[in-house]
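Novice: Once you've had a glance at the structure underneath, I'll fire off some questions.
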Amino acid sequence: MKVFVPVKRVVDYNVKVRVKSDGTGVDLANVKMSMNPFDEIAIEEAVRLKEAGVATEVVAISCGTAASQETLRTALAIGADRAILVETDADVQPLAVAKLLKALVDKEGPQLVILGKQAIDDDSNQTGQMLAALLGWSQATFASKVVIAGGKAAVTREVDGGLETLELTMPAVVTTDLRLNEPRYATLPNIMKAKKKPLDTFKPADLGVDVAPRLTTLKVVEPAKRQAGIKVADVAQLLDKLKNEAKVI
Amino acid sequence: MALNLFDQWRRQSPYYNDSHEEWAQTVRRFVEKEVNPHINQWEDEENVPLSLSVKAAELGIIQMGFPEEYGGITQGVDAFHGIVAGNELAQCGASGLVAALMMHSVALVPILKFASEAMKRRIAPEVLAGRKTMAICLTEPSGGSDLAAVKTRAEKRGNKWVLNGSKTFISNGMRADYYTVVARTGGPGADGLSLFLVEKGMPGFTQHKMRKMGWHCSDTATLFFDDVELPPENLLGPENKGFLATVKNLNNERAGLASGACAYARCAVEEAHEWATQRETFGKPLIKNQVIRHKFAEMMRHISASQALADLMVWQMMQDRLDIGMLSLAKVQSTRTLELVARECAQILGGACFVRGCKIERIYRDVRPHAIGGGSEEIMLDFAARQMGFV
């Protein structure tokens, strides 16, 4: 079974982003970029499936600028067998990524696509669902456990009040939640081996996909600054503030 | 905004490529997950568990640059992978940790160079898997920097060597399994020295733990050899040729120390910056005072210049065109920088720097082994002056 793992290059989770002064987005100049943490979990899961003998090949895919190669190399160092970069300088939105992935799925015929439930930069939480819809495949989102056997996938999800387990018929799209696994480190020998693994590059046009954005960003602003707290003199004043200022009682 | 001095430095330097970047991220995660939650406890307990060496070896930290046939990693690895690992390990702010993990980087080299195949196969794979540890034993109670005056003596009796004398300030001196020891086999001076392998538990070999100002998590000991009998194969390399082999080894150590000192300095600056943005005095954060901002600018001026020179020295080593006088100056430059930065960061923290548990408190205590170990500043300066023809 071939497994596709789409990965996204995003601002590192440790970076405190700054909004550009003209309000068109966040400043990315000289900012540290890393693989979306949810995608790292997806790569780890795919590599574990391969180690367990369930998957035969793990293909990491990224859609973005040439710099996304670094992210793909990280995926290869964790254990993906090969990588595909769909190179574009355009602002690729979830629908465009889903279409690009569908084109690659049609080309190569994987049985499973496993990807992060969302990317930590735009928090869209759409790509997996859109891809499943375009392909007409089963889908399970926010996976906390994945078991694949006999052409079926049993996917456990953390829902309010407990765990829900879905049974999917393969092929399927699965999106990963935080507690699915703990991704391994890329070891030094694997970092070196990753340099030699194949990485193919396509353009969106090669796949016949138009990636022009459908959504327009009007404005990006910083969240409102939190006001300093106050001390109240007594219970009466507290009640007054809660009633008349906070209006919660 | 939280600073990210480590990444910024690498990205703007011609010496570092994608694999260094990737490797840095791996080591950083290792430090965040396996070291940072425990380092205060290890400093208090004066011990780093051996299991950490095993975990470090699972990633490749222990094996860098050692031959693959004995469990090392050489493919694609250059000196800067070692520098990157040392720099990232520094982010825990406890340089004793590196002493605990990495002594084999000096001590194992003579084994691989000179020992019999059987001995290499017995020792190197275990050390490189993190399951056994090593110590390098040069300094003696009678003097440190004057290596040529070593008094520990090995004499041939029958087909055995008999070792007598003592060594002091030995990192890993209590817990190491294997000890690479410099001892005199010939006449006075550098030409009479040889290298020997001593193993833990040999009759006549005793160890005494030393308590220290800093490097608490690293064990340091004085060693005594009373008629320790060594089989002939424990002589490493030709008789009376131990000195040169050791000195060549020290160049790597010095370059690592020079770069490492800059990394601890950056680590201190990051912590001091975080403090200065949060701590409010006289109605505003500390960082809003020009006098404090100038301290940061001055520290970065020193660190950047020192790191640039240290990196150049590593590059020269890789090209096999090392200016050893300049390397000595690079080490002095870096350790003086660390001393200055530790002081200034401590001033920025004020009373908080005097309480155990923060990185700056540790880094301040840990300055001395940087400035003294691997060649003291005074010896380095004099050596450089003579190398450069100022005689």
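In the structure tokens, chains take letters A, B, ... by order of appearance, with residues numbered from 1 within each chain and ligands from 1 in the order shown.
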Set out as JSON lines a contact list for chain B and chain A with a cut-off of 7 Å, giving each residue of chain B that qualifies its closest atom pair and distance in Å to one decimal, counting only C-alpha atoms, ordered by chain and rising residue number.
Specialist:
```
{"residue": "B:Met1", "atom": "CA", "partner": "A:Lys16", "partner_atom": "CA", "distance": 6.3}
{"residue": "B:Ser19", "atom": "CA", "partner": "A:Ile191", "partner_atom": "CA", "distance": 6.6}
{"residue": "B:Trp23", "atom": "CA", "partner": "A:Leu188", "partner_atom": "CA", "distance": 6.4}
{"residue": "B:Thr26", "atom": "CA", "partner": "A:Tyr185", "partner_atom": "CA", "distance": 5.7}
{"residue": "B:Leu59", "atom": "CA", "partner": "A:Thr187", "partner_atom": "CA", "distance": 4.4}
{"residue": "B:Gly60", "atom": "CA", "partner": "A:Leu188", "partner_atom": "CA", "distance": 5.2}
{"residue": "B:Ile73", "atom": "CA", "partner": "A:Pro189", "partner_atom": "CA", "distance": 6.8}
{"residue": "B:Gly76", "atom": "CA", "partner": "A:Met192", "partner_atom": "CA", "distance": 6.1}
```
Novice: Do you know which residues are at most 7 Å from range 5-13 of chain A counting only C-alpha atoms, after dropping those on the same chain fewer than 3 positions away, and could you put them as a ChimeraX atom specification?
Specialist: /A:31-36,39,42-43,59-62,68,71,113-115,121
Novice: For the residues in the current selection, export C-alpha atoms as a CSV table (one decimal), in the first residue's frame.
Specialist:
```csv
chain,number,residue,atom,x,y,z
A,31,VAL,CA,11.7,34.1,10.2
A,32,LYS,CA,12.5,30.5,11.1
A,33,MET,CA,10.3,28.1,9.1
A,34,SER,CA,9.6,24.4,10.0
A,35,MET,CA,7.3,21.6,9.1
A,36,ASN,CA,3.7,22.0,10.3
A,39,ASP,CA,2.1,17.0,9.4
A,42,ALA,CA,1.3,12.4,9.9
A,43,ILE,CA,4.8,11.5,8.6
A,59,VAL,CA,5.7,9.7,-0.3
A,60,ALA,CA,5.9,13.1,1.2
A,61,ILE,CA,4.4,16.0,-0.9
A,62,SER,CA,4.6,19.7,-0.5
A,68,SER,CA,9.6,23.8,0.7
A,71,THR,CA,10.5,20.6,4.7
A,113,VAL,CA,-3.5,10.0,2.3
A,114,ILE,CA,-2.6,11.1,5.8
A,115,LEU,CA,-2.1,14.7,6.7
A,121,ASP,CA,-0.1,29.3,10.1
```
Novice: What residues in range 26-214 of chain A get the DSSP label alpha helix (DSSP H)? Please answer as number ranges by chain.
Specialist: A: 37-51, 68-78, 94-108, 127-135, 188-194
Novice: Give the answer as one residue: which of B:Gly204, B:Gly192, B:Gly93, B:Gly214 has the shortest atom-to-atom distance to Ile39 in chain B, using only C-alpha atoms?
Specialist: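 The answer is B:Gly93, which sits nearest to Ile39 in chain B.
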Novice: Could you build a table of the residues in range 167-212 of chain A lying no more than 9 Å from range 154-163 of chain A, giving for each the nearest pair of atoms and their separation in Å rounded to one decimal place, using only C-alpha atoms, ordered by chain and ascending residue number, as a Markdown table?
Specialist:
```
| residue | atom | partner | partner_atom | distance |
| --- | --- | --- | --- | --- |
| A:Glu167 | CA | A:Ala154 | CA | 4.5 |
| A:Leu168 | CA | A:Ala154 | CA | 6.3 |
| A:Val174 | CA | A:Val155 | CA | 8.1 |
| A:Asp177 | CA | A:Arg157 | CA | 8.2 |
```
Novice: Considering only C-alpha atoms, can you say which of B:Cys267, B:Val84, B:Val291, B:Ala57 comes closest to Gly130 in chain B?
Specialist: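 Nearest to Gly130 in chain B: B:Ala57.
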Novice: Between CA of Glu88 in chain B and CA of Met326 in chain B, what is the distance in Å, rounded to a tenth?
Specialist: 24.7 Å
Novice: Per residue of range 169-205 of chain A within 9 Å of range 81-84 of chain A, record the nearest atom pair and its distance in Å to one decimal, counting only C-alpha atoms, with rows in chain order and ascending residue number, as a Markdown table.
Specialist:
```
| residue | atom | partner | partner_atom | distance |
| --- | --- | --- | --- | --- |
| A:Ala194 | CA | A:Asp81 | CA | 8.6 |
| A:Lys197 | CA | A:Arg82 | CA | 5.8 |
| A:Pro198 | CA | A:Arg82 | CA | 5.2 |
| A:Leu199 | CA | A:Ala83 | CA | 4.6 |
| A:Asp200 | CA | A:Ile84 | CA | 4.8 |
| A:Thr201 | CA | A:Ile84 | CA | 5.8 |
| A:Phe202 | CA | A:Ile84 | CA | 7.6 |
```
Novice: Restricting the calculation to only C-alpha atoms: of B:Leu244, B:Cys345, B:Asp227, B:Ala90, which residue gets closest to Lys160 in chain B?
Specialist: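 So, comparing all the options, the nearest one is B:Asp227.
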